[in-house]
Amino acid sequence: MIRNFFNRLMYGRYGSDSLSLFLVTAGLVVWLISQFVRIGWLSAVLWIISYAALIWAIFRMFSRNYARRRSENDRFTALVDPLMQVFRRKRAQMRDRDHVYFRCPNCGQMLRVPKGKNRISITCRKCGNVFQKKT
């Protein structure tokens, strides 16, 4: 019964996307910070910012203007994706227990070599530079 109510309520609406999720998360984090700040005017400003982010997220979720909301989300993901790729790459490197990662001193290319080989000669696939590293 409640599920049908929400399905009918959201019919024809944009719903949530990555920008809305970011706005809700950022709004909650800023609100939490505003609860611990003891400076009166700063706490009020943070409180207003947090509620503005939450209201904007709710407005976007209930909007019927698909094209506008999609273009907003596309711009957001274009800004955030390079940063997210760096975090995903670092996380994958941290989880990889069998390899060590080095940057080529000549061109900066990231190179992966097996771990535990003591001193190893590494040849860069991009520029052909050969250098020695300890793994």
# chains A, B, ... in the order shown; residues from 1 in each chain; ligands from 1
>>> residues_around(residues="stretch 21-24 of chain A", least_positions_apart="2", cutoff="6 Å", atoms="only C-alpha atoms", output="list in words")
Ser18, Leu19, Ala26, Gly27, Ala53, Leu54 and Ala57 of chain A
>>> select_by_dssp(residues="chain A", states="strand (DSSP E or B)", output="PyMOL selection string")
chain A and resi 99-103+110-114+119-123+130-134
>>> write_last_selection(atoms="N, CA and C atoms", output="PDB file, in the first residue's frame")
ATOM      1  N   HIS A  99      51.818  -7.144  -6.933  1.00  0.00           N
ATOM      2  CA  HIS A  99      52.571  -6.241  -7.796  1.00  0.00           C
ATOM      3  C   HIS A  99      52.934  -4.955  -7.064  1.00  0.00           C
ATOM      4  N   VAL A 100      53.967  -4.294  -7.598  1.00  0.00           N
ATOM      5  CA  VAL A 100      54.401  -2.983  -7.121  1.00  0.00           C
ATOM      6  C   VAL A 100      54.267  -2.031  -8.310  1.00  0.00           C
ATOM      7  N   TYR A 101      53.875  -0.803  -8.044  1.00  0.00           N
ATOM      8  CA  TYR A 101      53.660   0.180  -9.101  1.00  0.00           C
ATOM      9  C   TYR A 101      54.727   1.260  -9.032  1.00  0.00           C
ATOM     10  N   PHE A 102      55.288   1.579 -10.194  1.00  0.00           N
ATOM     11  CA  PHE A 102      56.292   2.624 -10.322  1.00  0.00           C
ATOM     12  C   PHE A 102      55.914   3.550 -11.467  1.00  0.00           C
ATOM     13  N   ARG A 103      56.424   4.765 -11.403  1.00  0.00           N
ATOM     14  CA  ARG A 103      56.284   5.710 -12.526  1.00  0.00           C
ATOM     15  C   ARG A 103      57.601   5.757 -13.273  1.00  0.00           C
ATOM     16  N   MET A 110      52.643   4.915 -15.650  1.00  0.00           N
ATOM     17  CA  MET A 110      52.547   4.018 -14.503  1.00  0.00           C
ATOM     18  C   MET A 110      52.850   2.600 -14.970  1.00  0.00           C
ATOM     19  N   LEU A 111      53.782   1.940 -14.281  1.00  0.00           N
ATOM     20  CA  LEU A 111      54.215   0.594 -14.641  1.00  0.00           C
ATOM     21  C   LEU A 111      53.988  -0.362 -13.476  1.00  0.00           C
ATOM     22  N   ARG A 112      53.550  -1.572 -13.783  1.00  0.00           N
ATOM     23  CA  ARG A 112      53.280  -2.580 -12.764  1.00  0.00           C
ATOM     24  C   ARG A 112      54.302  -3.703 -12.920  1.00  0.00           C
ATOM     25  N   VAL A 113      54.988  -4.038 -11.825  1.00  0.00           N
ATOM     26  CA  VAL A 113      55.993  -5.100 -11.858  1.00  0.00           C
ATOM     27  C   VAL A 113      55.715  -6.073 -10.714  1.00  0.00           C
ATOM     28  N   PRO A 114      56.137  -7.341 -10.866  1.00  0.00           N
ATOM     29  CA  PRO A 114      55.900  -8.320  -9.809  1.00  0.00           C
ATOM     30  C   PRO A 114      56.646  -7.969  -8.527  1.00  0.00           C
ATOM     31  N   ARG A 119      66.152  -6.596  -6.923  1.00  0.00           N
ATOM     32  CA  ARG A 119      66.483  -5.524  -7.868  1.00  0.00           C
ATOM     33  C   ARG A 119      66.070  -5.977  -9.258  1.00  0.00           C
ATOM     34  N   ILE A 120      65.336  -5.109  -9.971  1.00  0.00           N
ATOM     35  CA  ILE A 120      64.788  -5.490 -11.264  1.00  0.00           C
ATOM     36  C   ILE A 120      64.987  -4.357 -12.263  1.00  0.00           C
ATOM     37  N   SER A 121      65.247  -4.724 -13.517  1.00  0.00           N
ATOM     38  CA  SER A 121      65.315  -3.754 -14.609  1.00  0.00           C
ATOM     39  C   SER A 121      63.925  -3.628 -15.201  1.00  0.00           C
ATOM     40  N   ILE A 122      63.439  -2.416 -15.255  1.00  0.00           N
ATOM     41  CA  ILE A 122      62.098  -2.165 -15.769  1.00  0.00           C
ATOM     42  C   ILE A 122      62.240  -1.403 -17.080  1.00  0.00           C
ATOM     43  N   THR A 123      61.537  -1.881 -18.118  1.00  0.00           N
ATOM     44  CA  THR A 123      61.515  -1.204 -19.405  1.00  0.00           C
ATOM     45  C   THR A 123      60.135  -0.594 -19.594  1.00  0.00           C
ATOM     46  N   VAL A 130      64.856   2.325 -19.828  1.00  0.00           N
ATOM     47  CA  VAL A 130      65.169   1.227 -18.922  1.00  0.00           C
ATOM     48  C   VAL A 130      65.747   1.817 -17.646  1.00  0.00           C
ATOM     49  N   PHE A 131      65.186   1.384 -16.494  1.00  0.00           N
ATOM     50  CA  PHE A 131      65.679   1.876 -15.212  1.00  0.00           C
ATOM     51  C   PHE A 131      65.605   0.739 -14.190  1.00  0.00           C
ATOM     52  N   GLN A 132      66.383   0.887 -13.110  1.00  0.00           N
ATOM     53  CA  GLN A 132      66.491  -0.137 -12.069  1.00  0.00           C
ATOM     54  C   GLN A 132      65.667   0.299 -10.848  1.00  0.00           C
ATOM     55  N   LYS A 133      64.953  -0.655 -10.288  1.00  0.00           N
ATOM     56  CA  LYS A 133      64.212  -0.411  -9.053  1.00  0.00           C
ATOM     57  C   LYS A 133      64.265  -1.658  -8.184  1.00  0.00           C
ATOM     58  N   LYS A 134      64.123  -1.445  -6.883  1.00  0.00           N
ATOM     59  CA  LYS A 134      64.039  -2.561  -5.939  1.00  0.00           C
ATOM     60  C   LYS A 134      62.563  -2.773  -5.602  1.00  0.00           C
TER      61      LYS A 134
END
>>> closest_residue(among="A:Ser20, A:Ser34, A:Asn7, A:Gln93", to="A:Phe76", atoms="only C-alpha atoms")
A:Ser20
>>> select_by_dssp(residues="stretch 42-135 of chain A", states="helix (DSSP H, G or I)", output="PyMOL selection string")
chain A and resi 42-62+66-95
>>> write_last_selection(atoms="N, CA and C atoms", output="short mmCIF file (atom, residue, chain, number, x, y, z; two decimals), in the first residue's frame")
data_model
loop_
_atom_site.label_atom_id
_atom_site.label_comp_id
_atom_site.auth_asym_id
_atom_site.auth_seq_id
_atom_site.Cartn_x
_atom_site.Cartn_y
_atom_site.Cartn_z
N LEU A 42 28.67 31.23 12.29
CA LEU A 42 29.19 30.18 11.42
C LEU A 42 28.27 28.96 11.44
N SER A 43 27.77 28.64 12.62
CA SER A 43 26.83 27.54 12.75
C SER A 43 25.56 27.81 11.94
N ALA A 44 25.08 29.06 11.99
CA ALA A 44 23.87 29.42 11.24
C ALA A 44 24.11 29.35 9.73
N VAL A 45 25.27 29.80 9.28
CA VAL A 45 25.59 29.75 7.85
C VAL A 45 25.69 28.31 7.38
N LEU A 46 26.36 27.46 8.14
CA LEU A 46 26.46 26.04 7.78
C LEU A 46 25.10 25.38 7.78
N TRP A 47 24.25 25.73 8.72
CA TRP A 47 22.89 25.18 8.79
C TRP A 47 22.11 25.56 7.54
N ILE A 48 22.22 26.82 7.12
CA ILE A 48 21.51 27.28 5.92
C ILE A 48 22.03 26.57 4.67
N ILE A 49 23.35 26.41 4.57
CA ILE A 49 23.94 25.72 3.43
C ILE A 49 23.47 24.27 3.38
N SER A 50 23.43 23.62 4.54
CA SER A 50 23.02 22.21 4.56
C SER A 50 21.56 22.06 4.13
N TYR A 51 20.69 22.92 4.62
CA TYR A 51 19.30 22.81 4.23
C TYR A 51 19.08 23.21 2.78
N ALA A 52 19.86 24.16 2.28
CA ALA A 52 19.76 24.53 0.86
C ALA A 52 20.14 23.34 -0.03
N ALA A 53 21.20 22.62 0.34
CA ALA A 53 21.61 21.45 -0.44
C ALA A 53 20.53 20.37 -0.40
N LEU A 54 19.94 20.14 0.77
CA LEU A 54 18.89 19.13 0.87
C LEU A 54 17.65 19.53 0.09
N ILE A 55 17.27 20.78 0.14
CA ILE A 55 16.10 21.24 -0.61
C ILE A 55 16.35 21.16 -2.11
N TRP A 56 17.56 21.49 -2.54
CA TRP A 56 17.90 21.39 -3.96
C TRP A 56 17.84 19.93 -4.42
N ALA A 57 18.33 19.01 -3.58
CA ALA A 57 18.28 17.59 -3.93
C ALA A 57 16.84 17.11 -4.05
N ILE A 58 15.99 17.51 -3.12
CA ILE A 58 14.58 17.10 -3.17
C ILE A 58 13.90 17.70 -4.39
N PHE A 59 14.19 18.97 -4.68
CA PHE A 59 13.63 19.61 -5.87
C PHE A 59 14.02 18.85 -7.13
N ARG A 60 15.29 18.47 -7.23
CA ARG A 60 15.75 17.72 -8.40
C ARG A 60 15.06 16.37 -8.51
N MET A 61 14.84 15.69 -7.39
CA MET A 61 14.20 14.37 -7.42
C MET A 61 12.75 14.45 -7.87
N PHE A 62 12.06 15.51 -7.48
CA PHE A 62 10.64 15.63 -7.82
C PHE A 62 10.40 16.40 -9.12
N TYR A 66 13.16 16.38 -17.32
CA TYR A 66 14.20 15.38 -17.47
C TYR A 66 15.46 15.94 -18.14
N ALA A 67 15.28 16.70 -19.20
CA ALA A 67 16.43 17.18 -19.98
C ALA A 67 17.33 18.08 -19.13
N ARG A 68 16.74 18.97 -18.39
CA ARG A 68 17.53 19.89 -17.56
C ARG A 68 18.26 19.13 -16.46
N ARG A 69 17.57 18.22 -15.76
CA ARG A 69 18.21 17.47 -14.68
C ARG A 69 19.30 16.56 -15.22
N ARG A 70 19.08 15.96 -16.37
CA ARG A 70 20.11 15.10 -16.95
C ARG A 70 21.34 15.90 -17.34
N SER A 71 21.14 17.10 -17.90
CA SER A 71 22.30 17.92 -18.27
C SER A 71 23.06 18.38 -17.03
N GLU A 72 22.35 18.68 -15.93
CA GLU A 72 23.03 19.03 -14.68
C GLU A 72 23.87 17.86 -14.18
N ASN A 73 23.29 16.66 -14.23
CA ASN A 73 24.02 15.48 -13.77
C ASN A 73 25.20 15.18 -14.67
N ASP A 74 25.05 15.38 -15.99
CA ASP A 74 26.17 15.15 -16.91
C ASP A 74 27.32 16.10 -16.63
N ARG A 75 27.02 17.36 -16.36
CA ARG A 75 28.08 18.32 -16.02
C ARG A 75 28.77 17.92 -14.71
N PHE A 76 27.98 17.48 -13.73
CA PHE A 76 28.55 17.06 -12.45
C PHE A 76 29.46 15.85 -12.63
N THR A 77 29.00 14.85 -13.36
CA THR A 77 29.84 13.66 -13.55
C THR A 77 31.08 13.98 -14.37
N ALA A 78 31.00 14.94 -15.31
CA ALA A 78 32.19 15.32 -16.08
C ALA A 78 33.23 15.96 -15.16
N LEU A 79 32.79 16.69 -14.14
CA LEU A 79 33.73 17.29 -13.19
C LEU A 79 34.30 16.27 -12.21
N VAL A 80 33.48 15.32 -11.79
CA VAL A 80 33.86 14.40 -10.71
C VAL A 80 34.57 13.15 -11.22
N ASP A 81 34.28 12.71 -12.45
CA ASP A 81 34.84 11.46 -12.95
C ASP A 81 36.37 11.39 -12.93
N PRO A 82 37.11 12.42 -13.34
CA PRO A 82 38.58 12.30 -13.26
C PRO A 82 39.07 12.05 -11.83
N LEU A 83 38.47 12.71 -10.87
CA LEU A 83 38.84 12.50 -9.47
C LEU A 83 38.49 11.08 -9.02
N MET A 84 37.31 10.61 -9.41
CA MET A 84 36.90 9.26 -9.03
C MET A 84 37.79 8.20 -9.66
N GLN A 85 38.26 8.43 -10.89
CA GLN A 85 39.16 7.47 -11.53
C GLN A 85 40.47 7.37 -10.77
N VAL A 86 40.97 8.48 -10.25
CA VAL A 86 42.21 8.46 -9.46
C VAL A 86 41.99 7.63 -8.20
N PHE A 87 40.86 7.83 -7.51
CA PHE A 87 40.59 7.06 -6.30
C PHE A 87 40.41 5.57 -6.60
N ARG A 88 39.73 5.24 -7.70
CA ARG A 88 39.55 3.83 -8.07
C ARG A 88 40.89 3.17 -8.40
N ARG A 89 41.76 3.91 -9.11
CA ARG A 89 43.07 3.37 -9.46
C ARG A 89 43.91 3.14 -8.21
N LYS A 90 43.91 4.10 -7.28
CA LYS A 90 44.67 3.95 -6.04
C LYS A 90 44.14 2.78 -5.21
N ARG A 91 42.82 2.63 -5.15
CA ARG A 91 42.23 1.53 -4.40
C ARG A 91 42.61 0.19 -5.02
N ALA A 92 42.59 0.10 -6.34
CA ALA A 92 42.97 -1.14 -7.02
C ALA A 92 44.44 -1.46 -6.76
N GLN A 93 45.30 -0.43 -6.74
CA GLN A 93 46.72 -0.65 -6.47
C GLN A 93 46.93 -1.12 -5.04
N MET A 94 46.17 -0.58 -4.10
CA MET A 94 46.32 -0.98 -2.70
C MET A 94 45.85 -2.43 -2.49
N ARG A 95 44.86 -2.85 -3.24
CA ARG A 95 44.35 -4.22 -3.10
C ARG A 95 45.22 -5.25 -3.80
#
>>> atom_distance(atom1="atom CA of A:Met1", atom2="atom CA of A:Arg13")
19.7 Å
>>> residues_around(residues="A:Cys107", least_positions_apart="5", cutoff="10 Å", atoms="only C-alpha atoms", output="NGL selection string")
:A and (124 or 126-129)
>>> write_last_selection(atoms="N, CA and C atoms", output="PDB file, in the first residue's frame")
ATOM      1  N   CYS A 124      60.105   0.697 -19.807  1.00  0.00           N
ATOM      2  CA  CYS A 124      58.835   1.397 -20.014  1.00  0.00           C
ATOM      3  C   CYS A 124      58.285   1.022 -21.382  1.00  0.00           C
ATOM      4  N   LYS A 126      55.986   2.627 -22.941  1.00  0.00           N
ATOM      5  CA  LYS A 126      55.615   3.829 -23.701  1.00  0.00           C
ATOM      6  C   LYS A 126      56.819   4.464 -24.396  1.00  0.00           C
ATOM      7  N   CYS A 127      57.896   4.669 -23.630  1.00  0.00           N
ATOM      8  CA  CYS A 127      59.038   5.399 -24.190  1.00  0.00           C
ATOM      9  C   CYS A 127      60.281   4.516 -24.389  1.00  0.00           C
ATOM     10  N   GLY A 128      60.290   3.295 -23.826  1.00  0.00           N
ATOM     11  CA  GLY A 128      61.430   2.413 -23.990  1.00  0.00           C
ATOM     12  C   GLY A 128      62.557   2.654 -22.994  1.00  0.00           C
ATOM     13  N   ASN A 129      62.377   3.559 -22.054  1.00  0.00           N
ATOM     14  CA  ASN A 129      63.394   3.863 -21.062  1.00  0.00           C
ATOM     15  C   ASN A 129      63.590   2.652 -20.135  1.00  0.00           C
TER      16      ASN A 129
END
>>> closest_residue(among="A:Tyr11, A:Thr135, A:Asn106, A:Leu28", to="A:Asn118", atoms="only C-alpha atoms")
A:Thr135
>>> atom_distance(atom1="atom CA of A:Asp17", atom2="atom CA of A:Asn65")
13.8 Å
>>> decode(residues="stretch 9-46 of chain A", atoms="N, CA, C and O atoms", output="mmCIF file, in the first residue's frame")
data_model
loop_
_atom_site.group_PDB
_atom_site.id
_atom_site.type_symbol
_atom_site.label_atom_id
_atom_site.label_comp_id
_atom_site.auth_asym_id
_atom_site.auth_seq_id
_atom_site.Cartn_x
_atom_site.Cartn_y
_atom_site.Cartn_z
ATOM 1 N N LEU A 9 3.468 8.538 -6.611
ATOM 2 C CA LEU A 9 4.018 9.859 -6.335
ATOM 3 C C LEU A 9 5.184 10.187 -7.263
ATOM 4 O O LEU A 9 5.299 11.309 -7.763
ATOM 5 N N MET A 10 6.041 9.218 -7.507
ATOM 6 C CA MET A 10 7.241 9.454 -8.305
ATOM 7 C C MET A 10 7.032 9.228 -9.805
ATOM 8 O O MET A 10 7.944 9.447 -10.591
ATOM 9 N N TYR A 11 5.852 8.821 -10.222
ATOM 10 C CA TYR A 11 5.600 8.580 -11.638
ATOM 11 C C TYR A 11 5.753 9.887 -12.431
ATOM 12 O O TYR A 11 5.156 10.906 -12.083
ATOM 13 N N GLY A 12 6.595 9.875 -13.469
ATOM 14 C CA GLY A 12 6.829 11.057 -14.279
ATOM 15 C C GLY A 12 7.834 12.024 -13.684
ATOM 16 O O GLY A 12 8.059 13.096 -14.230
ATOM 17 N N ARG A 13 8.433 11.668 -12.576
ATOM 18 C CA ARG A 13 9.422 12.530 -11.924
ATOM 19 C C ARG A 13 10.820 12.037 -12.268
ATOM 20 O O ARG A 13 11.018 10.900 -12.681
ATOM 21 N N TYR A 14 11.806 12.887 -12.056
ATOM 22 C CA TYR A 14 13.178 12.553 -12.428
ATOM 23 C C TYR A 14 13.789 11.498 -11.515
ATOM 24 O O TYR A 14 14.499 10.602 -11.951
ATOM 25 N N GLY A 15 13.582 11.572 -10.212
ATOM 26 C CA GLY A 15 14.152 10.608 -9.282
ATOM 27 C C GLY A 15 15.566 10.984 -8.862
ATOM 28 O O GLY A 15 16.002 12.112 -9.030
ATOM 29 N N SER A 16 16.287 10.021 -8.364
ATOM 30 C CA SER A 16 17.635 10.306 -7.851
ATOM 31 C C SER A 16 18.697 9.942 -8.882
ATOM 32 O O SER A 16 18.486 9.077 -9.735
ATOM 33 N N ASP A 17 19.824 10.613 -8.785
ATOM 34 C CA ASP A 17 20.992 10.334 -9.605
ATOM 35 C C ASP A 17 22.236 10.648 -8.777
ATOM 36 O O ASP A 17 22.136 10.885 -7.569
ATOM 37 N N SER A 18 23.388 10.628 -9.395
ATOM 38 C CA SER A 18 24.621 10.814 -8.627
ATOM 39 C C SER A 18 24.729 12.224 -8.039
ATOM 40 O O SER A 18 25.235 12.393 -6.935
ATOM 41 N N LEU A 19 24.238 13.244 -8.744
ATOM 42 C CA LEU A 19 24.283 14.596 -8.195
ATOM 43 C C LEU A 19 23.355 14.722 -6.992
ATOM 44 O O LEU A 19 23.722 15.321 -5.980
ATOM 45 N N SER A 20 22.177 14.139 -7.068
ATOM 46 C CA SER A 20 21.252 14.184 -5.930
ATOM 47 C C SER A 20 21.829 13.457 -4.724
ATOM 48 O O SER A 20 21.726 13.936 -3.592
ATOM 49 N N LEU A 21 22.439 12.311 -4.968
ATOM 50 C CA LEU A 21 23.065 11.566 -3.876
ATOM 51 C C LEU A 21 24.188 12.379 -3.241
ATOM 52 O O LEU A 21 24.318 12.435 -2.015
ATOM 53 N N PHE A 22 24.993 13.048 -4.066
ATOM 54 C CA PHE A 22 26.061 13.904 -3.547
ATOM 55 C C PHE A 22 25.485 15.052 -2.719
ATOM 56 O O PHE A 22 26.001 15.381 -1.654
ATOM 57 N N LEU A 23 24.422 15.686 -3.218
ATOM 58 C CA LEU A 23 23.822 16.812 -2.496
ATOM 59 C C LEU A 23 23.269 16.381 -1.145
ATOM 60 O O LEU A 23 23.429 17.084 -0.145
ATOM 61 N N VAL A 24 22.615 15.228 -1.100
ATOM 62 C CA VAL A 24 22.071 14.738 0.169
ATOM 63 C C VAL A 24 23.207 14.434 1.137
ATOM 64 O O VAL A 24 23.171 14.829 2.308
ATOM 65 N N THR A 25 24.243 13.757 0.654
ATOM 66 C CA THR A 25 25.378 13.416 1.516
ATOM 67 C C THR A 25 26.096 14.674 2.006
ATOM 68 O O THR A 25 26.395 14.803 3.204
ATOM 69 N N ALA A 26 26.358 15.604 1.102
ATOM 70 C CA ALA A 26 27.034 16.840 1.490
ATOM 71 C C ALA A 26 26.182 17.649 2.459
ATOM 72 O O ALA A 26 26.691 18.205 3.432
ATOM 73 N N GLY A 27 24.866 17.695 2.225
ATOM 74 C CA GLY A 27 23.977 18.414 3.124
ATOM 75 C C GLY A 27 23.982 17.832 4.520
ATOM 76 O O GLY A 27 24.023 18.566 5.513
ATOM 77 N N LEU A 28 23.967 16.498 4.609
ATOM 78 C CA LEU A 28 23.988 15.861 5.928
ATOM 79 C C LEU A 28 25.320 16.069 6.637
ATOM 80 O O LEU A 28 25.359 16.300 7.850
ATOM 81 N N VAL A 29 26.424 16.012 5.884
ATOM 82 C CA VAL A 29 27.741 16.221 6.494
ATOM 83 C C VAL A 29 27.874 17.659 6.994
ATOM 84 O O VAL A 29 28.334 17.894 8.125
ATOM 85 N N VAL A 30 27.449 18.621 6.190
ATOM 86 C CA VAL A 30 27.548 20.027 6.607
ATOM 87 C C VAL A 30 26.625 20.284 7.794
ATOM 88 O O VAL A 30 26.976 21.025 8.718
ATOM 89 N N TRP A 31 25.435 19.668 7.796
ATOM 90 C CA TRP A 31 24.533 19.824 8.939
ATOM 91 C C TRP A 31 25.165 19.261 10.213
ATOM 92 O O TRP A 31 25.090 19.875 11.282
ATOM 93 N N LEU A 32 25.811 18.091 10.085
ATOM 94 C CA LEU A 32 26.474 17.493 11.241
ATOM 95 C C LEU A 32 27.598 18.387 11.749
ATOM 96 O O LEU A 32 27.756 18.563 12.960
ATOM 97 N N ILE A 33 28.359 18.970 10.845
ATOM 98 C CA ILE A 33 29.427 19.886 11.250
ATOM 99 C C ILE A 33 28.841 21.117 11.939
ATOM 100 O O ILE A 33 29.375 21.597 12.937
ATOM 101 N N SER A 34 27.704 21.601 11.423
ATOM 102 C CA SER A 34 27.092 22.797 12.024
ATOM 103 C C SER A 34 26.620 22.532 13.453
ATOM 104 O O SER A 34 26.522 23.466 14.254
ATOM 105 N N GLN A 35 26.353 21.281 13.789
ATOM 106 C CA GLN A 35 25.916 20.952 15.141
ATOM 107 C C GLN A 35 27.059 21.033 16.148
ATOM 108 O O GLN A 35 26.821 21.230 17.336
ATOM 109 N N PHE A 36 28.305 20.869 15.679
ATOM 110 C CA PHE A 36 29.455 20.889 16.577
ATOM 111 C C PHE A 36 30.178 22.226 16.624
ATOM 112 O O PHE A 36 31.025 22.439 17.481
ATOM 113 N N VAL A 37 29.863 23.108 15.685
ATOM 114 C CA VAL A 37 30.506 24.425 15.657
ATOM 115 C C VAL A 37 29.875 25.296 16.733
ATOM 116 O O VAL A 37 28.659 25.382 16.847
ATOM 117 N N ARG A 38 30.704 25.948 17.528
ATOM 118 C CA ARG A 38 30.223 26.761 18.650
ATOM 119 C C ARG A 38 30.143 28.249 18.332
ATOM 120 O O ARG A 38 29.694 29.026 19.143
ATOM 121 N N ILE A 39 30.605 28.652 17.152
ATOM 122 C CA ILE A 39 30.515 30.055 16.751
ATOM 123 C C ILE A 39 29.128 30.263 16.156
ATOM 124 O O ILE A 39 28.751 29.611 15.186
ATOM 125 N N GLY A 40 28.358 31.174 16.733
ATOM 126 C CA GLY A 40 26.951 31.320 16.383
ATOM 127 C C GLY A 40 26.682 31.604 14.919
ATOM 128 O O GLY A 40 25.880 30.929 14.278
ATOM 129 N N TRP A 41 27.354 32.605 14.344
ATOM 130 C CA TRP A 41 27.075 32.963 12.959
ATOM 131 C C TRP A 41 27.549 31.891 11.989
ATOM 132 O O TRP A 41 26.896 31.625 10.987
ATOM 133 N N LEU A 42 28.674 31.234 12.285
ATOM 134 C CA LEU A 42 29.189 30.178 11.418
ATOM 135 C C LEU A 42 28.266 28.965 11.444
ATOM 136 O O LEU A 42 27.992 28.347 10.406
ATOM 137 N N SER A 43 27.769 28.643 12.620
ATOM 138 C CA SER A 43 26.829 27.535 12.749
ATOM 139 C C SER A 43 25.563 27.813 11.941
ATOM 140 O O SER A 43 25.039 26.923 11.272
ATOM 141 N N ALA A 44 25.080 29.061 11.990
ATOM 142 C CA ALA A 44 23.869 29.425 11.238
ATOM 143 C C ALA A 44 24.109 29.346 9.735
ATOM 144 O O ALA A 44 23.253 28.855 8.985
ATOM 145 N N VAL A 45 25.272 29.804 9.282
ATOM 146 C CA VAL A 45 25.594 29.751 7.849
ATOM 147 C C VAL A 45 25.690 28.311 7.381
ATOM 148 O O VAL A 45 25.148 27.948 6.323
ATOM 149 N N LEU A 46 26.361 27.457 8.143
ATOM 150 C CA LEU A 46 26.465 26.044 7.782
ATOM 151 C C LEU A 46 25.096 25.380 7.775
ATOM 152 O O LEU A 46 24.795 24.552 6.912
#
